[in-house]
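K.L.:
Sharing coords_17.txt, compact mmCIF, C-alpha atoms:
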# COMPACT_ATOMS: atom_id res chain seq x y z
CA MET A 34 206.05 149.93 190.23
CA PRO A 35 202.65 148.63 189.17
CA ARG A 36 200.73 146.46 191.48
CA LEU A 37 200.01 142.86 190.35
CA GLY A 38 196.57 141.17 190.92
CA ARG A 39 192.86 142.07 190.22
CA PRO A 40 192.13 145.40 188.49
CA PRO A 41 190.85 148.05 190.64
CA TYR A 42 187.03 148.17 191.33
CA ARG A 43 186.62 151.47 189.41
CA ALA A 44 187.75 149.90 186.13
CA ARG A 45 185.25 147.10 186.46
CA ARG A 46 182.40 149.60 186.90
CA ARG A 47 183.34 151.38 183.70
CA ARG A 48 183.23 148.16 181.68
CA VAL A 49 179.83 147.18 183.07
CA ALA A 50 178.48 150.63 182.25
CA ARG A 51 179.70 150.35 178.64
CA VAL A 52 178.05 146.92 178.20
CA ALA A 53 174.79 148.16 179.72
CA LEU A 54 174.81 151.18 177.44
CA ALA A 55 175.31 148.99 174.38
CA VAL A 56 172.42 146.74 175.41
CA ILE A 57 170.15 149.75 175.97
CA VAL A 58 171.00 151.25 172.55
CA ALA A 59 170.46 147.94 170.78
CA GLY A 60 167.15 147.44 172.56
CA ALA A 61 166.00 150.94 171.68
CA GLY A 62 166.82 150.34 168.01
CA LEU A 63 164.94 147.06 167.95
CA ALA A 64 161.86 148.66 169.59
CA THR A 65 161.92 151.53 167.07
CA TRP A 66 162.06 149.09 164.13
CA LEU A 67 159.16 147.04 165.51
CA TRP A 68 157.06 150.19 166.02
CA LEU A 69 157.69 151.40 162.46
CA ALA A 70 156.91 147.98 161.00
CA ALA A 71 153.64 147.75 162.91
CA ASP A 72 152.59 151.26 161.81
CA GLU A 73 153.05 150.58 158.08
CA PRO A 74 149.90 149.51 156.11
CA GLU A 75 149.83 145.96 154.87
CA SER A 76 151.01 145.75 151.33
CA THR A 77 148.45 144.47 148.79
CA PRO A 78 149.57 141.31 147.12
CA PRO A 79 150.06 141.73 143.39
CA ALA A 80 147.02 140.92 141.25
CA PRO A 81 147.28 137.64 139.45
CA VAL A 82 148.04 137.93 135.78
CA ALA A 83 145.00 136.98 133.75
CA ALA A 84 145.51 133.90 131.73
CA SER A 85 145.64 134.53 128.01
CA ARG A 86 142.79 133.27 125.80
CA ALA A 87 145.13 130.70 124.38
CA ASP A 88 146.10 129.42 127.87
CA ALA A 89 142.48 129.41 129.25
CA ALA A 90 140.87 126.00 129.47
CA PRO A 91 137.95 125.65 127.00
CA PRO A 92 134.47 125.38 128.57
CA PRO A 93 133.14 121.85 128.75
CA SER A 94 131.02 120.81 125.77
CA PRO A 95 127.31 120.44 126.54
CA ALA A 96 126.14 116.90 126.79
CA PRO A 97 124.36 115.79 123.61
CA ALA A 98 120.59 115.65 123.86
CA PRO A 99 119.35 112.11 124.34
CA ALA A 100 117.97 110.52 121.19
CA PRO A 101 114.17 110.23 121.20
CA ALA A 102 113.04 106.79 122.29
CA SER A 103 109.64 106.99 120.59
CA ALA A 104 107.63 108.99 118.11
CA ASP A 105 105.91 110.70 121.04
CA ASP A 106 109.32 111.86 122.36
CA LEU A 107 110.20 113.22 118.91
CA LEU A 108 106.89 114.94 118.16
CA GLY A 109 105.66 115.93 121.62
CA PRO A 110 107.70 119.18 121.75
CA LEU A 111 106.17 120.09 118.37
CA GLY A 112 102.62 119.54 119.57
CA MET A 113 102.20 116.62 117.17
CA ARG A 114 101.54 112.91 117.26
CA TYR A 115 102.11 110.09 114.80
CA ALA A 116 99.87 107.20 113.82
CA GLN A 117 100.57 104.31 111.49
CA VAL A 118 97.98 101.63 110.76
CA VAL A 119 97.94 98.61 108.50
CA VAL A 120 94.60 97.89 106.84
CA ALA A 121 93.16 94.48 107.74
CA GLY A 122 89.47 95.43 107.61
CA PRO A 123 87.61 98.72 108.01
CA LEU A 124 90.00 101.66 108.20
CA GLU A 125 88.26 103.08 111.27
CA THR A 126 88.78 99.79 113.11
CA ALA A 127 92.52 100.07 112.54
CA PHE A 128 92.70 103.64 113.87
CA VAL A 129 90.45 102.88 116.85
CA THR A 130 92.59 99.86 117.74
CA ALA A 131 95.73 101.99 117.64
CA LEU A 132 94.45 105.15 119.34
CA GLY A 133 91.15 104.43 121.07
CA ARG A 134 87.67 105.36 119.89
CA ASP A 135 87.63 108.97 121.10
CA LEU A 136 90.62 109.84 118.93
CA GLY A 137 90.69 107.05 116.33
CA ALA A 138 87.16 107.61 114.98
CA PRO A 139 87.47 111.36 114.23
CA LEU A 140 91.02 110.93 112.93
CA THR A 141 89.73 108.35 110.44
CA GLN A 142 87.25 110.88 109.06
CA VAL A 143 89.90 113.58 108.68
CA VAL A 144 92.47 111.28 107.06
CA THR A 145 89.84 109.87 104.68
CA ARG A 146 89.35 113.37 103.25
CA SER A 147 92.82 113.02 101.74
CA LEU A 148 92.58 109.36 100.72
CA VAL A 149 89.43 109.93 98.61
CA TRP A 150 91.41 112.02 96.13
CA TRP A 151 93.61 108.98 95.41
CA VAL A 152 91.30 105.97 95.69
CA SER A 153 87.65 105.11 96.25
CA ILE A 154 86.85 104.47 99.94
CA PRO A 155 86.33 101.74 101.03
CA GLY A 156 86.23 99.85 97.72
CA ASP A 157 89.85 100.41 96.72
CA LEU A 158 91.40 99.67 100.13
CA ARG A 159 93.33 96.41 100.31
CA ARG A 160 94.64 94.29 103.16
CA GLY A 161 98.20 95.40 103.83
CA ASP A 162 97.69 99.05 102.83
CA VAL A 163 99.59 101.35 105.19
CA VAL A 164 98.25 104.74 106.29
CA GLU A 165 100.40 107.21 108.23
CA ALA A 166 99.44 110.59 109.67
CA LEU A 167 101.05 113.45 111.56
CA PHE A 168 98.40 115.24 113.56
CA SER A 169 97.67 117.50 116.53
CA GLU A 170 94.92 116.95 119.05
CA ARG A 171 92.56 119.88 119.65
CA PRO A 172 90.20 119.96 122.65
CA GLY A 173 86.60 120.18 121.50
CA ALA A 174 87.52 119.91 117.82
CA GLU A 175 88.56 117.27 115.32
CA PRO A 176 92.29 116.48 115.01
CA LEU A 177 94.36 118.77 112.82
CA VAL A 178 96.25 116.66 110.27
CA HIS A 179 99.59 118.02 109.02
CA ALA A 180 100.65 115.21 106.69
CA VAL A 181 99.25 111.98 105.25
CA ARG A 182 101.14 109.15 103.58
CA PHE A 183 99.33 106.20 102.02
CA ARG A 184 100.91 103.07 100.54
CA SER A 185 98.28 101.52 98.30
CA GLU A 186 98.49 97.85 97.32
CA LYS A 187 95.96 98.35 94.52
CA ALA A 188 97.71 101.37 93.00
CA GLY A 189 101.16 99.92 93.65
CA LYS A 190 102.49 103.29 94.81
CA THR A 191 102.76 105.63 97.79
CA PHE A 192 100.79 108.88 97.95
CA GLU A 193 101.71 111.89 100.10
CA ALA A 194 100.00 115.18 100.99
CA TYR A 195 101.18 118.05 103.19
CA ARG A 196 99.27 120.90 104.81
CA PHE A 197 100.58 124.34 103.85
CA GLN A 198 99.17 127.87 103.99
CA GLU A 199 100.21 129.94 101.04
CA PRO A 200 101.19 133.50 102.08
CA GLY A 201 98.14 135.74 101.72
CA ALA A 202 95.71 132.82 101.43
CA ALA A 203 92.65 132.66 103.66
CA PHE A 204 93.09 128.95 104.43
CA ALA A 205 95.75 126.27 104.63
CA ARG A 206 95.30 123.49 102.09
CA PHE A 207 96.82 120.10 101.27
CA TYR A 208 99.37 119.85 98.47
CA THR A 209 101.18 116.96 96.84
CA ARG A 210 104.97 117.01 96.61
CA ASP A 211 104.85 118.60 93.14
CA GLY A 212 103.15 121.71 94.59
CA ASN A 213 99.67 120.98 93.24
CA GLU A 214 96.56 121.14 95.41
CA LEU A 215 95.33 117.74 96.48
CA GLU A 216 91.67 118.67 95.93
CA LEU A 217 90.08 119.37 92.61
CA ARG A 218 88.17 122.63 92.23
CA LEU A 219 84.79 122.95 90.56
CA GLN A 220 84.38 125.41 87.73
CA GLY A 221 81.18 127.32 88.42
CA ALA A 222 81.24 126.20 92.07
CA PRO A 223 78.59 127.56 94.46
CA VAL A 224 81.32 129.13 96.67
CA ASP A 225 84.35 131.02 95.42
CA GLU A 226 86.59 129.92 98.28
CA HIS A 227 86.48 127.21 100.93
CA GLU A 228 88.83 125.62 103.44
CA GLN A 229 88.32 121.95 102.62
CA VAL A 230 85.92 119.50 101.03
CA THR A 231 84.83 117.48 104.06
CA SER A 232 82.51 115.02 102.34
CA LEU A 233 82.33 113.51 98.86
CA ILE A 234 79.92 111.14 97.17
CA ARG A 235 82.67 108.52 96.94
CA ASP A 236 83.96 108.68 100.51
CA GLY A 237 81.94 105.66 101.67
CA ARG A 238 79.71 107.58 104.09
CA GLY A 239 76.55 107.35 102.00
CA HIS A 240 76.33 111.14 101.86
CA GLN A 241 74.28 112.47 98.96
CA GLY A 242 76.13 115.75 98.52
CA VAL A 243 79.45 117.53 98.77
CA ASP A 244 80.24 119.49 101.92
CA PHE A 245 82.42 122.57 101.67
CA ARG A 246 83.88 123.76 104.97
CA THR A 247 83.54 127.52 104.83
CA PRO A 248 82.82 130.31 107.35
CA VAL A 249 79.28 131.28 108.19
CA GLY A 250 78.09 134.00 105.83
CA THR A 251 80.04 132.92 102.74
CA PRO A 252 78.08 133.93 99.59
CA VAL A 253 76.40 130.96 97.88
CA LYS A 254 75.86 131.24 94.12
CA ALA A 255 73.55 129.48 91.67
CA PRO A 256 75.56 126.92 89.65
CA PHE A 257 73.30 127.37 86.62
CA ASP A 258 70.21 129.29 85.48
CA ALA A 259 67.37 128.00 87.63
CA VAL A 260 63.89 128.51 89.09
CA VAL A 261 63.36 128.46 92.86
CA ALA A 262 61.22 125.45 93.85
CA ARG A 263 61.02 125.95 97.64
CA ARG A 264 62.89 127.26 100.67
CA ASN A 265 63.26 126.40 104.37
CA TRP A 266 61.50 123.03 104.71
CA ASN A 267 62.34 120.36 107.33
CA PHE A 268 64.32 122.92 109.31
CA ARG A 269 65.23 120.48 112.10
CA SER A 270 67.45 118.51 109.72
CA ASN A 271 68.17 120.88 106.84
CA GLY A 272 68.25 124.21 108.67
CA ASN A 273 67.73 127.10 106.30
CA CYS A 274 67.70 125.53 102.85
CA LEU A 275 66.93 126.17 99.20
CA GLU A 276 65.82 123.97 96.29
CA MET A 277 66.17 125.13 92.67
CA ARG A 278 65.55 123.45 89.32
CA GLU A 279 67.70 124.04 86.25
CA ARG A 280 66.14 126.07 83.45
CA GLY A 281 66.82 124.18 80.26
CA GLY A 282 69.98 122.14 80.01
CA GLU A 283 69.85 118.80 81.82
CA GLY A 284 66.98 119.68 84.12
CA ARG A 285 69.01 119.07 87.25
CA THR A 286 67.89 119.96 90.76
CA VAL A 287 70.17 121.59 93.33
CA TYR A 288 69.80 121.59 97.11
CA PHE A 289 71.67 123.96 99.45
CA LEU A 290 71.37 122.99 103.15
CA HIS A 291 72.44 124.39 106.55
CA LEU A 292 72.39 128.00 105.33
CA SER A 293 72.57 130.98 107.63
CA GLU A 294 70.00 132.69 105.39
CA VAL A 295 68.32 132.61 102.01
CA SER A 296 68.48 135.89 100.09
CA ALA A 297 65.66 138.22 101.11
CA GLY A 298 62.65 138.21 98.80
CA LEU A 299 63.64 135.00 97.05
CA GLY A 300 60.73 132.56 96.87
CA ALA A 301 59.13 129.77 94.88
CA GLY A 302 58.84 130.57 91.18
CA ASP A 303 61.57 133.22 91.14
CA ARG A 304 64.13 132.92 88.37
CA VAL A 305 67.84 133.18 89.13
CA SER A 306 70.88 133.37 86.87
CA LYS A 307 74.10 131.39 86.98
CA GLY A 308 76.51 133.01 89.44
CA GLN A 309 73.80 135.00 91.25
CA VAL A 310 74.12 135.05 95.07
CA VAL A 311 71.05 133.24 96.40
CA ALA A 312 72.04 132.52 100.03
CA ARG A 313 74.75 132.59 102.71
CA SER A 314 76.43 129.50 104.15
CA GLY A 315 75.81 128.63 107.79
CA ASN A 316 75.63 126.00 110.50
CA THR A 317 71.87 125.48 110.95
CA GLY A 318 69.86 122.30 111.30
CA ARG A 319 71.68 119.00 111.88
CA SER A 320 75.13 120.43 111.36
CA PHE A 321 78.23 120.15 113.54
CA ALA A 322 80.45 122.80 111.95
CA PRO A 323 80.01 125.70 109.51
CA HIS A 324 79.75 124.34 105.98
CA LEU A 325 77.69 124.29 102.81
CA HIS A 326 75.94 121.10 101.73
CA TYR A 327 75.74 121.09 97.91
CA GLN A 328 73.61 118.34 96.38
CA LEU A 329 72.78 117.69 92.72
CA MET A 330 70.05 115.38 91.45
CA SER A 331 69.30 114.27 87.88
CA ARG A 332 65.93 114.82 86.22
CA ALA A 333 65.15 111.19 87.08
CA GLY A 334 66.01 111.71 90.77
CA ARG A 335 69.44 110.09 90.76
CA VAL A 336 72.21 111.50 92.96
CA LEU A 337 74.90 113.19 90.85
CA ASP A 338 78.51 113.74 91.82
CA PRO A 339 79.33 117.45 91.40
CA PHE A 340 82.91 116.49 90.61
CA THR A 341 81.74 114.67 87.49
CA SER A 342 78.88 117.06 86.63
CA HIS A 343 81.10 120.15 86.72
CA ARG A 344 84.33 120.70 84.90
CA THR A 345 87.21 120.61 87.32
CA THR A 346 90.66 122.08 87.66
CA ARG A 347 93.60 121.54 90.00
CA ARG A 348 95.44 124.64 91.16
CA ALA A 349 99.23 124.78 91.49
CA LEU A 350 101.19 126.92 93.91
CA PRO A 351 102.66 130.07 92.36
CA GLU A 352 106.35 129.67 91.61
CA GLY A 353 107.24 132.32 94.17
CA HIS A 354 105.83 130.18 96.99
CA ARG A 355 107.32 126.85 95.96
CA ALA A 356 110.52 127.22 98.00
CA ALA A 357 108.59 127.75 101.24
CA PHE A 358 106.33 124.80 100.48
CA ASP A 359 109.23 122.53 99.55
CA ALA A 360 110.93 123.32 102.85
CA GLU A 361 107.78 122.55 104.84
CA ALA A 362 107.06 119.36 102.90
CA THR A 363 110.65 118.18 103.44
CA ARG A 364 110.35 118.88 107.18
CA LEU A 365 107.08 116.97 107.51
CA ALA A 366 108.32 114.08 105.37
CA GLY A 367 111.38 113.84 107.62
CA LEU A 368 109.17 113.66 110.70
CA LEU A 369 107.13 110.88 109.07
CA ASP A 370 110.30 108.94 108.25
CA ARG A 371 111.82 109.33 111.72
CA SER A 372 108.56 108.46 113.45
CA ALA A 373 108.14 105.35 111.33
CA GLY A 374 111.74 104.35 112.09
CA LEU A 375 111.21 104.73 115.83
CA MET A 376 108.06 102.64 115.63
CA THR A 377 109.87 99.94 113.68
CA SER A 378 112.59 99.85 116.33
CA GLY A 379 110.04 98.90 118.95
CA SER A 380 108.21 102.00 120.15
CA PRO A 381 104.40 101.88 120.27
CA GLN A 382 102.40 103.35 117.41
CA GLY A 383 100.19 105.40 119.66
CA ARG A 384 98.75 105.67 123.13
CA PRO A 385 94.98 105.60 123.55
Now, as a test, write the supplied structure out as structure tokens.

P.N.:
Amino acid sequence: MPRLGRPPYRARRRRVARVALAVIVAGAGLATWLWLAADEPESTPPAPVAASRADAAPPPSPAPAPAPASADDLLGPLGMRYAQVVVAGPLETAFVTALGRDLGAPLTQVVTRSLVWWVSIPGDLRRGDVVEALFSERPGAEPLVHAVRFRSEKAGKTFEAYRFQEPGAAFARFYTRDGNELELRLQGAPVDEHEQVTSLIRDGRGHQGVDFRTPVGTPVKAPFDAVVARRNWNFRSNGNCLEMRERGGEGRTVYFLHLSEVSAGLGAGDRVSKGQVVARSGNTGRSFAPHLHYQLMSRAGRVLDPFTSHRTTRRALPEGHRAAFDAEATRLAGLLDRSAGLMTSGSPQGRP
């Protein structure tokens, strides 16, 4: 018969052993899994998928450039300045008041070289006339004018001229909006080419001749058949110079001043023919820049204007260069308009 009560001690030991074995096996499995997991390299996270061009956010638009507050703000990056004066007395006084003497005085002279082709200076100026100029300052030299606009009360119209260098030309010149040169040219002139007429009889300076700005060494030609009267007198003022009297014709006398040289062997009594090279232009005597002073006198000793004594012509730009000029004239006219508008809105007309 079986015995009732607690199981024998041997049975309990077998159960404990089985439980312990199970715990050991489970622990060994867990340790193995942890070891394998620690030994595996870390997996690299998947690369993000690039956003499509359609989904990408557009770059921010650049902020618009601030509008210029003055003509100086508009023109400064271009190396230019703007001046506008209203005539109420002498033209130079108006420019000096606006810009100061050091700049206003020479700018008046340069601007006047354009005005004299439209009106007589100062006789035709009227109170209320408006003169505008785009220009660049140049250390040690007179201002370089790019454009001139002149509203004349006497003429009842506005004149404009723009600086432009024709491709292949030696010099830049001023042209009106129709593509014609501002300056007249002399037929039978003493120089074949020049940069600018810097002084006229009618420019109000009391000058007795016409000054042609031209490089030193430019050939100077006799304007008519003549006899040499003298050479190189009063050198301190005239520099190298030459006086000739017309043979026949009107008996005029011609003076060439500030020459670099008179042709070798040419002296008093020698006869020269129209178009013959008699000298070279220079910068001698009382002269501040290379030029030729060309002076004509009547038989009675009266000063003659070469632009009425000679026949004249006005040259037009070749058709092939008109497009380039029109673009430049439009650009400069736009700068004049914008500068004038900024000045009207309250900006100053110039800083001394």

K.L.:
Using CA of Gln142 (chain A) and CA of Gly239 (chain A) as the two end points, give the distance in Å to one decimal.

P.N.:
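The value is 13.3 Å.
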
K.L.:
Out of A:Val305, A:Val253, A:Val310, A:Leu215, which residue has the shortest atom-to-atom distance to His291 (chain A) when counting all atoms listed in the file?

P.N.:
A:Val253

K.L.:
So which one's closest to Trp150 (chain A), A:Asp338, A:Glu361, A:Asp236, A:Glu283? Using all atoms listed in the file, please.

P.N.:
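Nearest candidate to Trp150 (chain A) out of A:Asp338, A:Glu361, A:Asp236, A:Glu283: A:Asp236.
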
K.L.:
What is the distance between CA of Val152 (chain A) and CA of Ala188 (chain A), in Å to one decimal?

P.N.:
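Atom-to-atom, CA of Val152 (chain A) to CA of Ala188 (chain A), that is 8.3 Å.
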
K.L.:
If we count only C-alpha atoms and set the cut-off at 10 Å, which residues sit around region 168-172 of chain A, ignoring sequence neighbours fewer than 5 positions away in its own chain? Please answer as a PyMOL selection string.

P.N.:
chain A and resi 108-109+111-116+136+140+143-144+177-181

K.L.:
I'd like the contact shell of Ala203 (chain A) - 12 Å cut-off, all atoms listed in the file, skipping same-chain residues fewer than 3 positions apart - returned as a list in words.

P.N.:
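With the cut-off at 12 Å, the set is Phe197, Gln198, Glu199, Pro200, Arg206, Asp225, Glu226, His227, Glu228, Gln229, Thr247 and Pro248 of chain A.
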
K.L.:
Provide the CA of Ser296 (chain A) to CA of Val311 (chain A) distance in Å, to one decimal place.

P.N.:
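That distance, rounded to one decimal, is 5.2 Å.
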
K.L.:
So, with only C-alpha atoms as the atoms that count, which of A:Arg264, A:His324, A:Arg319, A:Arg347 lies closest to Ala297 (chain A)?

P.N.:
A:Arg264

K.L.:
Could you list, as a VMD selection string, every residue within 9 Å of Ala102 (chain A), counting only C-alpha atoms and ignoring same-chain residues fewer than 3 positions away?

P.N.:
chain A and resid 99 105 to 107 375 380

K.L.:
Save out the residues we just selected, C-alpha atoms, as a PDB file, keeping the file's coordinate frame.

P.N.:
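Written out: again03.pdb:
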ATOM      1  CA  PRO A  99     119.350 112.110 124.340  1.00  0.00           C
ATOM      2  CA  ASP A 105     105.910 110.700 121.040  1.00  0.00           C
ATOM      3  CA  ASP A 106     109.320 111.860 122.360  1.00  0.00           C
ATOM      4  CA  LEU A 107     110.200 113.220 118.910  1.00  0.00           C
ATOM      5  CA  LEU A 375     111.210 104.730 115.830  1.00  0.00           C
ATOM      6  CA  SER A 380     108.210 102.000 120.150  1.00  0.00           C
TER       7      SER A 380
END

K.L.:
With only C-alpha atoms as the counted atoms, please give the residues lying no more than 12 Å from Ser147 (chain A), apart from itself and same-chain residues fewer than 6 positions off, as a PyMOL selection string.

P.N.:
chain A and resi 140-141+153-154+164-166+178-183+192-196+206-209+214-217+229-233+236

K.L.:
A:Asn265, A:Ser314, A:Ser320, A:Ser270: which is nearest Val224 (chain A), counting only C-alpha atoms?

P.N.:
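Checking each candidate against Val224 (chain A), we get A:Ser314 as the closest.
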
K.L.:
Would you kindly return, as a ChimeraX atom specification, each protein, DNA or RNA residue with an atom no farther than 9 Å from any atom of Gln117 (chain A), considering all atoms listed in the file and excluding same-chain residues fewer than 4 positions away?

P.N.:
/A:128,131,163-166,373,376,382-383

K.L.:
When you get a chance, write out N, CA and C atoms for region 244-268 of chain A, as a short mmCIF file (atom, residue, chain, number, x, y, z; two decimals), in the coordinates of the input.

P.N.:
data_model
loop_
_atom_site.label_atom_id
_atom_site.label_comp_id
_atom_site.auth_asym_id
_atom_site.auth_seq_id
_atom_site.Cartn_x
_atom_site.Cartn_y
_atom_site.Cartn_z
N ASP A 244 80.19 118.49 100.86
CA ASP A 244 80.24 119.49 101.92
C ASP A 244 81.50 120.32 101.78
N PHE A 245 81.31 121.63 101.72
CA PHE A 245 82.42 122.57 101.67
C PHE A 245 82.55 123.24 103.04
N ARG A 246 83.66 123.04 103.72
CA ARG A 246 83.88 123.76 104.97
C ARG A 246 84.21 125.21 104.63
N THR A 247 83.38 126.10 105.14
CA THR A 247 83.54 127.52 104.83
C THR A 247 82.89 128.33 105.94
N PRO A 248 83.38 129.52 106.23
CA PRO A 248 82.82 130.31 107.35
C PRO A 248 81.36 130.67 107.13
N VAL A 249 80.66 130.83 108.24
CA VAL A 249 79.28 131.28 108.19
C VAL A 249 79.22 132.64 107.47
N GLY A 250 78.26 132.75 106.56
CA GLY A 250 78.09 134.00 105.83
C GLY A 250 78.76 134.04 104.48
N THR A 251 79.41 132.95 104.06
CA THR A 251 80.04 132.92 102.74
C THR A 251 78.96 132.98 101.65
N PRO A 252 79.09 133.86 100.65
CA PRO A 252 78.08 133.93 99.59
C PRO A 252 77.95 132.60 98.84
N VAL A 253 76.70 132.19 98.61
CA VAL A 253 76.40 130.96 97.88
C VAL A 253 75.74 131.35 96.56
N LYS A 254 76.29 130.82 95.45
CA LYS A 254 75.86 131.24 94.12
C LYS A 254 75.14 130.11 93.39
N ALA A 255 74.24 130.47 92.51
CA ALA A 255 73.55 129.48 91.67
C ALA A 255 74.54 128.89 90.68
N PRO A 256 74.60 127.54 90.58
CA PRO A 256 75.56 126.92 89.65
C PRO A 256 75.10 126.94 88.20
N PHE A 257 73.84 127.27 87.98
CA PHE A 257 73.30 127.37 86.62
C PHE A 257 72.02 128.20 86.68
N ASP A 258 71.50 128.59 85.52
CA ASP A 258 70.21 129.29 85.48
C ASP A 258 69.14 128.36 86.04
N ALA A 259 68.32 128.89 86.94
CA ALA A 259 67.37 128.00 87.63
C ALA A 259 66.11 128.76 88.05
N VAL A 260 65.14 127.99 88.51
CA VAL A 260 63.89 128.51 89.09
C VAL A 260 63.80 127.98 90.52
N VAL A 261 63.48 128.87 91.46
CA VAL A 261 63.36 128.46 92.86
C VAL A 261 62.13 127.57 93.00
N ALA A 262 62.33 126.38 93.62
CA ALA A 262 61.22 125.45 93.85
C ALA A 262 60.64 125.64 95.25
N ARG A 263 61.49 125.74 96.27
CA ARG A 263 61.02 125.95 97.64
C ARG A 263 62.20 126.38 98.52
N ARG A 264 61.88 126.83 99.73
CA ARG A 264 62.89 127.26 100.67
C ARG A 264 62.47 126.90 102.09
N ASN A 265 63.44 126.60 102.92
CA ASN A 265 63.26 126.40 104.37
C ASN A 265 62.18 125.38 104.72
N TRP A 266 62.37 124.13 104.29
CA TRP A 266 61.50 123.03 104.71
C TRP A 266 62.33 122.07 105.58
N ASN A 267 61.68 121.32 106.44
CA ASN A 267 62.34 120.36 107.33
C ASN A 267 63.53 121.01 108.04
N PHE A 268 63.24 122.13 108.72
CA PHE A 268 64.32 122.92 109.31
C PHE A 268 65.14 122.13 110.33
#
